[in-house]
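Novice: Structure: work-v8.cif, mmCIF, C-alpha atoms.
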```cif
data_coords
loop_
_atom_site.label_atom_id
_atom_site.label_comp_id
_atom_site.auth_asym_id
_atom_site.auth_seq_id
_atom_site.Cartn_x
_atom_site.Cartn_y
_atom_site.Cartn_z
CA MET A 155 6.09 -23.02 7.52
CA SER A 156 9.32 -23.98 5.74
CA THR A 157 12.06 -21.42 5.10
CA SER A 158 11.72 -21.70 1.30
CA TYR A 159 7.93 -21.19 1.56
CA ALA A 160 8.40 -18.11 3.78
CA ALA A 161 11.09 -16.72 1.44
CA GLY A 162 8.82 -17.27 -1.58
CA LEU A 163 5.97 -15.53 0.21
CA ALA A 164 8.20 -12.55 1.13
CA VAL A 165 9.54 -12.23 -2.44
CA GLY A 166 6.00 -12.42 -3.83
CA ILE A 167 4.71 -9.70 -1.48
CA ALA A 168 7.75 -7.50 -2.21
CA ALA A 169 7.27 -7.90 -5.99
CA ALA A 170 3.56 -7.05 -5.68
CA LEU A 171 4.38 -3.93 -3.61
CA ILE A 172 6.99 -2.76 -6.14
CA ILE A 173 4.60 -3.24 -9.10
CA PHE A 174 1.83 -1.46 -7.19
CA GLY A 175 4.20 1.43 -6.39
CA ILE A 176 5.28 1.81 -10.02
CA CYS A 177 1.66 1.75 -11.25
CA TRP A 178 0.67 4.30 -8.60
CA LYS A 179 3.54 6.64 -9.57
CA LEU A 180 2.68 6.33 -13.27
CA SER A 181 -1.01 7.02 -12.68
CA LYS A 182 -0.10 10.11 -10.62
CA LYS A 183 2.16 11.36 -13.40
CA THR A 184 -0.35 10.94 -16.23
CA MET A 185 -3.35 11.94 -14.05
CA LYS A 186 -5.19 9.10 -15.76
CA GLY A 187 -7.17 6.72 -13.64
CA GLN A 188 -8.33 9.43 -11.24
CA PHE A 189 -11.86 9.02 -10.00
CA ASP A 190 -14.42 11.79 -10.35
CA GLU A 191 -16.58 12.94 -7.44
CA ARG A 192 -19.49 10.56 -8.15
CA GLN A 193 -17.09 7.64 -8.45
CA GLU A 194 -15.38 8.58 -5.16
CA LEU A 195 -18.81 8.63 -3.51
CA VAL A 196 -19.72 5.23 -4.92
CA ARG A 197 -16.35 3.78 -3.90
CA GLY A 198 -16.87 5.12 -0.38
CA ARG A 199 -20.22 3.33 -0.21
CA GLY A 200 -18.55 0.24 -1.61
CA TYR A 201 -15.95 0.33 1.21
CA LYS A 202 -18.79 0.66 3.72
CA TYR A 203 -20.70 -2.36 2.39
CA ALA A 204 -17.48 -4.39 2.16
CA CYS A 205 -16.62 -3.44 5.75
CA PHE A 206 -20.07 -4.50 7.03
CA THR A 207 -19.81 -7.74 5.05
CA LEU A 208 -16.45 -8.47 6.66
CA LEU A 209 -17.75 -7.60 10.14
CA GLY A 210 -20.78 -9.87 9.69
CA LEU A 211 -18.82 -12.79 8.32
CA ILE A 212 -16.01 -12.49 10.88
CA THR A 213 -18.64 -12.49 13.64
CA ALA A 214 -20.19 -15.59 12.09
CA ASP A 215 -16.72 -17.16 11.89
CA LEU A 216 -16.02 -16.42 15.57
CA LEU A 217 -19.39 -17.87 16.60
CA ALA A 218 -18.79 -20.93 14.42
CA GLU A 219 -15.38 -21.37 16.00
CA SER A 220 -16.66 -20.99 19.58
CA PHE A 221 -19.53 -23.45 18.98
CA GLY A 222 -17.18 -25.91 17.31
CA VAL A 223 -18.98 -25.76 13.96
CA PHE A 224 -15.70 -26.05 12.02
CA GLU A 225 -15.23 -29.56 13.37
CA THR A 226 -18.32 -30.61 11.41
CA LEU A 227 -17.61 -28.53 8.27
CA PRO A 228 -15.48 -29.94 5.44
CA VAL A 229 -13.42 -26.71 5.38
CA THR A 230 -10.40 -25.64 7.42
CA ARG A 231 -10.73 -22.39 9.34
CA ASP A 232 -7.89 -20.64 7.47
CA LEU A 233 -9.61 -21.36 4.13
CA ALA A 234 -12.87 -20.03 5.59
CA LEU A 235 -11.09 -16.84 6.70
CA PHE A 236 -9.56 -16.44 3.25
CA ALA A 237 -13.04 -16.86 1.72
CA ILE A 238 -14.34 -14.15 4.09
CA ILE A 239 -11.63 -11.72 2.94
CA LEU A 240 -12.44 -12.51 -0.69
CA ALA A 241 -16.15 -11.98 0.04
CA GLY A 242 -15.38 -8.46 1.30
CA VAL A 243 -13.26 -7.72 -1.77
CA MET A 244 -15.99 -9.10 -4.04
CA VAL A 245 -18.71 -6.96 -2.45
CA TYR A 246 -16.55 -3.88 -2.98
CA ALA A 247 -15.54 -4.77 -6.55
CA LEU A 248 -19.01 -5.79 -7.73
CA TYR A 249 -20.65 -2.71 -6.16
CA CYS A 250 -18.11 -0.46 -7.91
CA ILE A 251 -18.56 -2.27 -11.22
CA LYS A 252 -22.37 -2.05 -10.97
CA ASN A 253 -22.13 1.71 -10.37
CA ASP A 254 -19.48 2.48 -13.03
CA SER A 255 -16.78 3.29 -10.51
CA TYR A 256 -14.36 0.39 -10.86
CA PHE A 257 -12.10 2.21 -13.32
CA GLY A 258 -11.06 5.85 -13.08
CA VAL A 259 -11.66 8.49 -15.75
CA GLY A 260 -9.71 7.77 -18.92
CA THR A 261 -8.30 4.45 -17.70
CA ASP A 262 -7.20 2.03 -20.39
CA THR A 263 -9.37 -0.87 -19.27
CA ARG A 264 -7.81 -3.28 -21.79
CA THR A 265 -4.54 -3.25 -19.82
CA TYR A 266 -6.41 -3.99 -16.59
CA ARG A 267 -8.36 -6.80 -18.25
CA ALA A 268 -5.14 -8.27 -19.64
CA VAL A 269 -3.54 -8.18 -16.16
CA MET A 270 -6.64 -9.82 -14.68
CA TRP A 271 -6.53 -12.61 -17.26
CA VAL A 272 -2.88 -13.21 -16.32
CA VAL A 273 -3.92 -13.41 -12.64
CA ILE A 274 -6.77 -15.81 -13.50
CA VAL A 275 -4.65 -18.10 -15.67
CA SER A 276 -1.64 -18.16 -13.30
CA ASN A 277 -3.88 -18.93 -10.30
CA ALA A 278 -5.78 -21.59 -12.26
CA ILE A 279 -2.50 -23.29 -13.22
CA SER A 280 -1.22 -23.08 -9.65
CA GLY A 281 -4.58 -24.23 -8.22
CA PHE A 282 -5.00 -27.24 -10.51
CA SER A 283 -1.38 -28.31 -10.02
CA ASN A 284 -1.96 -28.15 -6.23
CA LEU A 285 -5.13 -30.21 -6.66
CA ARG A 286 -3.14 -33.07 -8.17
CA ASP A 287 -1.68 -33.64 -4.71
CA GLY A 288 -5.21 -33.61 -3.25
CA ALA A 289 -7.41 -30.77 -2.00
CA MET A 290 -8.18 -32.36 1.34
CA VAL A 291 -6.08 -32.42 4.48
CA ASP A 292 -7.50 -34.58 7.28
CA GLY A 293 -10.81 -34.77 5.40
CA LYS A 294 -11.15 -31.00 5.05
CA LEU A 295 -10.64 -28.61 2.13
CA ALA A 296 -7.33 -26.97 3.01
CA PHE A 297 -5.97 -23.47 2.40
CA GLY A 298 -2.84 -24.52 0.50
CA PRO A 299 -4.46 -26.50 -2.30
CA CYS A 300 -7.67 -24.44 -2.57
CA ALA A 301 -6.62 -20.79 -2.06
CA SER A 302 -5.43 -20.27 -5.65
CA LEU A 303 -8.62 -21.74 -7.09
CA LEU A 304 -10.77 -19.61 -4.79
CA PHE A 305 -8.79 -16.52 -5.84
CA CYS A 306 -9.15 -17.54 -9.49
CA LEU A 307 -12.92 -18.00 -9.06
CA ALA A 308 -13.24 -14.54 -7.48
CA PHE A 309 -11.41 -12.93 -10.40
CA VAL A 310 -13.50 -14.89 -12.94
CA ILE A 311 -16.67 -13.51 -11.30
CA ILE A 312 -15.22 -9.97 -11.41
CA MET A 313 -14.28 -10.43 -15.08
CA ILE A 314 -17.79 -11.68 -15.95
CA ALA A 315 -19.28 -8.67 -14.14
CA LEU A 316 -16.91 -6.36 -16.07
CA TYR A 317 -17.92 -7.85 -19.43
CA ILE A 318 -21.64 -7.64 -18.59
CA LYS A 319 -21.16 -4.00 -17.55
CA LYS A 320 -19.17 -3.27 -20.71
CA ALA A 321 -21.98 -4.67 -22.87
CA LYS A 322 -24.58 -2.64 -20.93
CA LEU A 323 -22.55 0.57 -21.30
CA ALA A 324 -22.07 -0.03 -25.03
CA ALA A 325 -25.85 -0.40 -25.43
CA GLU A 326 -26.41 2.73 -23.33
CA GLU A 327 -23.92 4.73 -25.39
CA ALA A 328 -25.50 3.55 -28.65
CA ALA A 329 -28.92 4.62 -27.35
CA GLU A 330 -27.49 8.01 -26.34
CA ASP A 331 -25.96 8.49 -29.81
CA ASP A 332 -29.32 7.76 -31.44
CA MET A 333 -31.03 10.54 -29.46
CA MET B 20 -35.79 14.47 -11.23
CA LYS B 21 -34.35 14.49 -14.75
CA ASN B 22 -32.22 17.47 -15.70
CA LEU B 23 -33.68 18.15 -19.13
CA LYS B 24 -32.29 21.70 -19.16
CA MET B 25 -28.74 20.42 -18.99
CA LYS B 26 -29.41 17.80 -21.63
CA SER B 27 -30.92 20.31 -24.05
CA ALA B 28 -28.03 22.75 -23.43
CA ARG B 29 -25.56 19.97 -24.21
CA VAL B 30 -27.42 18.93 -27.36
CA ALA B 31 -27.65 22.58 -28.44
CA LYS B 32 -23.86 22.75 -28.24
CA ASP B 33 -23.74 19.56 -30.35
CA LEU B 34 -21.85 17.67 -27.66
CA SER B 35 -22.24 14.01 -26.78
CA GLN B 36 -22.17 12.94 -23.14
CA GLN B 37 -18.65 11.60 -23.67
CA GLN B 38 -17.43 14.86 -25.21
CA LEU B 39 -18.84 16.92 -22.35
CA ALA B 40 -17.37 14.46 -19.84
CA ASP B 41 -13.93 14.74 -21.49
CA LEU B 42 -14.10 18.55 -21.38
CA ILE B 43 -14.92 18.55 -17.67
CA GLY B 44 -12.74 15.62 -16.66
CA VAL B 45 -15.40 13.26 -15.37
CA SER B 46 -16.73 9.93 -16.62
CA ARG B 47 -19.52 9.74 -19.21
CA GLN B 48 -21.61 7.83 -16.69
CA THR B 49 -21.42 10.79 -14.29
CA ILE B 50 -22.86 13.12 -16.94
CA SER B 51 -25.52 10.51 -17.70
CA ALA B 52 -26.36 10.18 -13.98
CA ILE B 53 -26.72 13.97 -13.60
CA GLU B 54 -29.02 14.20 -16.64
CA LYS B 55 -31.11 11.28 -15.40
CA GLY B 56 -31.35 12.87 -11.96
CA ASP B 57 -29.61 9.93 -10.31
CA TYR B 58 -26.74 12.06 -8.95
CA ASN B 59 -26.66 15.54 -7.42
CA PRO B 60 -23.32 17.12 -8.41
CA THR B 61 -21.28 19.34 -6.10
CA ILE B 62 -21.25 23.07 -6.75
CA ASN B 63 -17.75 22.77 -8.27
CA LEU B 64 -18.96 20.28 -10.87
CA CYS B 65 -22.09 22.35 -11.54
CA ILE B 66 -19.90 25.39 -12.24
CA ALA B 67 -17.63 23.35 -14.54
CA ILE B 68 -20.65 22.11 -16.49
CA CYS B 69 -22.10 25.65 -16.72
CA ARG B 70 -18.77 27.00 -18.00
CA GLU B 71 -18.54 24.38 -20.73
CA LEU B 72 -22.17 24.80 -21.79
CA GLY B 73 -22.12 28.61 -21.58
CA LYS B 74 -25.00 28.77 -19.14
CA THR B 75 -25.54 30.08 -15.61
CA LEU B 76 -26.20 27.91 -12.57
CA ASP B 77 -29.79 29.15 -12.49
CA GLU B 78 -30.36 28.25 -16.11
CA LEU B 79 -29.19 24.68 -15.68
CA PHE B 80 -29.81 23.71 -12.07
CA TRP B 81 -32.53 25.92 -10.58
CA GLU B 82 -35.84 24.12 -10.30
CA GLU B 83 -38.91 26.32 -10.40
#
```
Will you turn the file into structure tokens for me?
Specialist:
Amino acid sequence: MSTSYAAGLAVGIAAALIIFGICWKLSKKTMKGQFDERQELVRGRGYKYACFTLLGLITADLLAESFGVFETLPVTRDLALFAIILAGVMVYALYCIKNDSYFGVGTDTRTYRAVMWVVIVSNAISGFSNLRDGAMVDGKLAFGPCASLLFCLAFVIIMIALYIKKAKLAAEEAAEDDM
Amino acid sequence: MKNLKMKSARVAKDLSQQQLADLIGVSRQTISAIEKGDYNPTINLCIAICRELGKTLDELFWEE
């Protein structure tokens, strides 16, 4: 890992932590975005399913590594591990979205959606610009060129799930108003 | 089991699910889940609902 790459990584993580800290402080101040008891319960179950998903996939990864399966797969192990982490995050996010617990009570979801679009677009730009140099290293899909696109894909799936849920809730609310 | 008593008490007060949810500080989907019988609320939430709807715990949540 080059020094400039490591410095960029450190700055990126520090910036993300600072933004997260500011958002957390603001949400505490306004009391918006708090989850009610049913949502907390659902999120707890979501954590559980995500944890079991991670355990299962990490076990599969370890077995694949010990049996030398990665030598035959067109994917590097670090990309596979990144995909496993994303799979855990996806299980958690999609379970929470399905059960109306992704956003807290009174959260302005438009801001979140806008932030997610920024994440999707920035990762897509980064991913496609990396692809120009080639996605394969030694005949395998490598972490560097593919991680951004994988991250982008995960967020696109979450966004689609959010829009489907939004449409379902709108229909449900309209039906409730008619009663 | 659906909680029709809670639903009728809410409708009698001319409140939508969203309005009741806002008064109590929970999401509309939580109120919907309680009325559909998909979620059993804690005693604290039951009391909050009873207070807003002007009913007792027995009147809203006791099954005969």
Novice: I need the contact residues of chain B against chain A, so if you could list those with any atom within 7 Å, counting all atoms listed in the file, and return them as a list in words, that would help.
Specialist: Val45, Ser46, Gln48 and Thr49 of chain B
Novice: List the residues matched by the PyMOL selection byres ((chain A and resi 298) around 12) in the displayed structure as a PyMOL selection string, ordered by chain and then by residue number.
Specialist: chain A and resi 155+159+229-230+232-233+236+280-285+287-291+294-297+299-305
Novice: Which residues, named as in the file, does the PyMOL selection byres ((chain B and resi 59-70) around 9) pick out? Answer as a list in words.
Specialist: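 So the PyMOL selection byres ((chain B and resi 59-70) around 9) ends up selecting Glu191 and Arg192 of chain A; Met25, Leu39, Ala40, Leu42, Ile43, Thr49, Ala52, Ile53, Gly56, Asp57, Tyr58, Glu71, Leu72, Gly73, Lys74, Thr75, Leu76, Glu78, Leu79 and Phe80 of chain B.
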Novice: Keeping C-alpha atoms for every residue in the selection just given, could you write it to a file as a short mmCIF file (atom, residue, chain, number, x, y, z; two decimals), keeping the file's coordinate frame?
Specialist:
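Saved as out.cif:
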```cif
data_model
loop_
_atom_site.label_atom_id
_atom_site.label_comp_id
_atom_site.auth_asym_id
_atom_site.auth_seq_id
_atom_site.Cartn_x
_atom_site.Cartn_y
_atom_site.Cartn_z
CA GLU A 191 -16.58 12.94 -7.44
CA ARG A 192 -19.49 10.56 -8.15
CA MET B 25 -28.74 20.42 -18.99
CA LEU B 39 -18.84 16.92 -22.35
CA ALA B 40 -17.37 14.46 -19.84
CA LEU B 42 -14.10 18.55 -21.38
CA ILE B 43 -14.92 18.55 -17.67
CA THR B 49 -21.42 10.79 -14.29
CA ALA B 52 -26.36 10.18 -13.98
CA ILE B 53 -26.72 13.97 -13.60
CA GLY B 56 -31.35 12.87 -11.96
CA ASP B 57 -29.61 9.93 -10.31
CA TYR B 58 -26.74 12.06 -8.95
CA GLU B 71 -18.54 24.38 -20.73
CA LEU B 72 -22.17 24.80 -21.79
CA GLY B 73 -22.12 28.61 -21.58
CA LYS B 74 -25.00 28.77 -19.14
CA THR B 75 -25.54 30.08 -15.61
CA LEU B 76 -26.20 27.91 -12.57
CA GLU B 78 -30.36 28.25 -16.11
CA LEU B 79 -29.19 24.68 -15.68
CA PHE B 80 -29.81 23.71 -12.07
#
```
Novice: List as a PyMOL selection string the residues having at least one atom at most 12 Å from position (-17.3, -0.2, -0.5) as given in the file, counting only C-alpha atoms.
Specialist: chain A and resi 193-208+241-253+255-256
Novice: So what do you get for atom CA of Ala321 of chain A versus atom CA of Val272 of chain A, distance-wise?
Specialist: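 Interatomic distance, atom CA of Ala321 of chain A to atom CA of Val272 of chain A: 21.9 Å.
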Novice: As number ranges by chain, please: the residues near segment 264-266 of chain A (cut-off 12 Å, all atoms listed in the file, same-chain neighbours under 3 positions excluded).
Specialist: A: 177, 187, 256-258, 260-261, 269-273, 309, 312-313, 316-317, 320
Novice: Rounded to one decimal in Å, what is the spacing between atom CA of Ala324 of chain A and atom CA of Gln37 of chain B?
Specialist: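 Going from atom CA of Ala324 of chain A over to atom CA of Gln37 of chain B covers 12.2 Å.
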Novice: Report, in Å to a single decimal, how far apart atom CA of Ile212 of chain A and atom CA of Thr226 of chain A are.
Specialist: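 Straight-line distance from atom CA of Thr226 of chain A to atom CA of Ile212 of chain A works out to 18.3 Å.
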Novice: Check which residues satisfy the PyMOL selection byres ((chain B and resi 22) around 7) in the file shown, then give them as a list of chain:residue names.
Specialist: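 Given this file, the PyMOL selection byres ((chain B and resi 22) around 7) evaluates to B:Met20, B:Lys21, B:Leu23, B:Lys24, B:Met25, B:Lys26, B:Ile53, B:Glu54, B:Lys55, B:Gly56.
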Novice: Keeping C-alpha atoms (and nothing else), can you write chain B of this structure as a short mmCIF file (atom, residue, chain, number, x, y, z; two decimals), in the first residue's frame?
Specialist:
```cif
data_model
loop_
_atom_site.label_atom_id
_atom_site.label_comp_id
_atom_site.auth_asym_id
_atom_site.auth_seq_id
_atom_site.Cartn_x
_atom_site.Cartn_y
_atom_site.Cartn_z
CA MET B 20 -55.81 -11.04 16.56
CA LYS B 21 -56.99 -7.66 15.26
CA ASN B 22 -57.49 -4.93 17.82
CA LEU B 23 -60.82 -3.60 16.60
CA LYS B 24 -61.51 -1.90 19.95
CA MET B 25 -58.49 0.33 19.56
CA LYS B 26 -59.34 1.09 15.95
CA SER B 27 -62.92 2.06 16.77
CA ALA B 28 -61.74 4.22 19.71
CA ARG B 29 -59.32 6.01 17.39
CA VAL B 30 -61.97 6.53 14.72
CA ALA B 31 -64.42 7.77 17.38
CA LYS B 32 -61.86 10.42 18.31
CA ASP B 33 -61.62 11.30 14.60
CA LEU B 34 -57.90 10.55 14.52
CA SER B 35 -55.99 8.99 11.64
CA GLN B 36 -53.27 6.44 12.37
CA GLN B 37 -50.66 9.10 11.60
CA GLN B 38 -52.24 11.62 13.98
CA LEU B 39 -52.38 9.09 16.80
CA ALA B 40 -48.80 8.03 16.06
CA ASP B 41 -47.65 11.68 16.20
CA LEU B 42 -49.41 12.20 19.54
CA ILE B 43 -47.72 9.16 21.06
CA GLY B 44 -44.35 9.53 19.36
CA VAL B 45 -44.28 6.30 17.39
CA SER B 46 -44.40 5.53 13.68
CA ARG B 47 -47.72 5.17 11.83
CA GLN B 48 -46.73 1.63 10.92
CA THR B 49 -46.50 0.74 14.62
CA ILE B 50 -50.09 1.88 15.19
CA SER B 51 -51.13 -0.04 12.08
CA ALA B 52 -49.31 -3.17 13.31
CA ILE B 53 -51.02 -2.97 16.73
CA GLU B 54 -54.46 -2.59 15.14
CA LYS B 55 -53.79 -5.48 12.76
CA GLY B 56 -52.60 -7.63 15.66
CA ASP B 57 -49.14 -8.00 14.15
CA TYR B 58 -47.38 -6.42 17.15
CA ASN B 59 -47.97 -6.71 20.90
CA PRO B 60 -47.07 -3.34 22.45
CA THR B 61 -45.33 -2.96 25.80
CA ILE B 62 -47.37 -1.80 28.78
CA ASN B 63 -45.85 1.69 28.46
CA LEU B 64 -47.08 2.05 24.90
CA CYS B 65 -50.49 0.61 25.83
CA ILE B 66 -50.82 3.24 28.57
CA ALA B 67 -49.79 6.02 26.17
CA ILE B 68 -52.40 4.88 23.65
CA CYS B 69 -55.09 4.65 26.37
CA ARG B 70 -54.26 8.16 27.59
CA GLU B 71 -54.57 9.65 24.10
CA LEU B 72 -57.80 7.78 23.33
CA GLY B 73 -59.35 8.39 26.76
CA LYS B 74 -59.86 4.71 27.47
CA THR B 75 -58.69 2.24 30.11
CA LEU B 76 -56.32 -0.66 29.46
CA ASP B 77 -59.21 -3.09 29.92
CA GLU B 78 -61.35 -1.28 27.40
CA LEU B 79 -58.72 -1.39 24.68
CA PHE B 80 -56.53 -4.40 25.36
CA TRP B 81 -58.42 -6.94 27.46
CA GLU B 82 -59.63 -9.88 25.40
CA GLU B 83 -62.71 -11.63 26.72
#
```
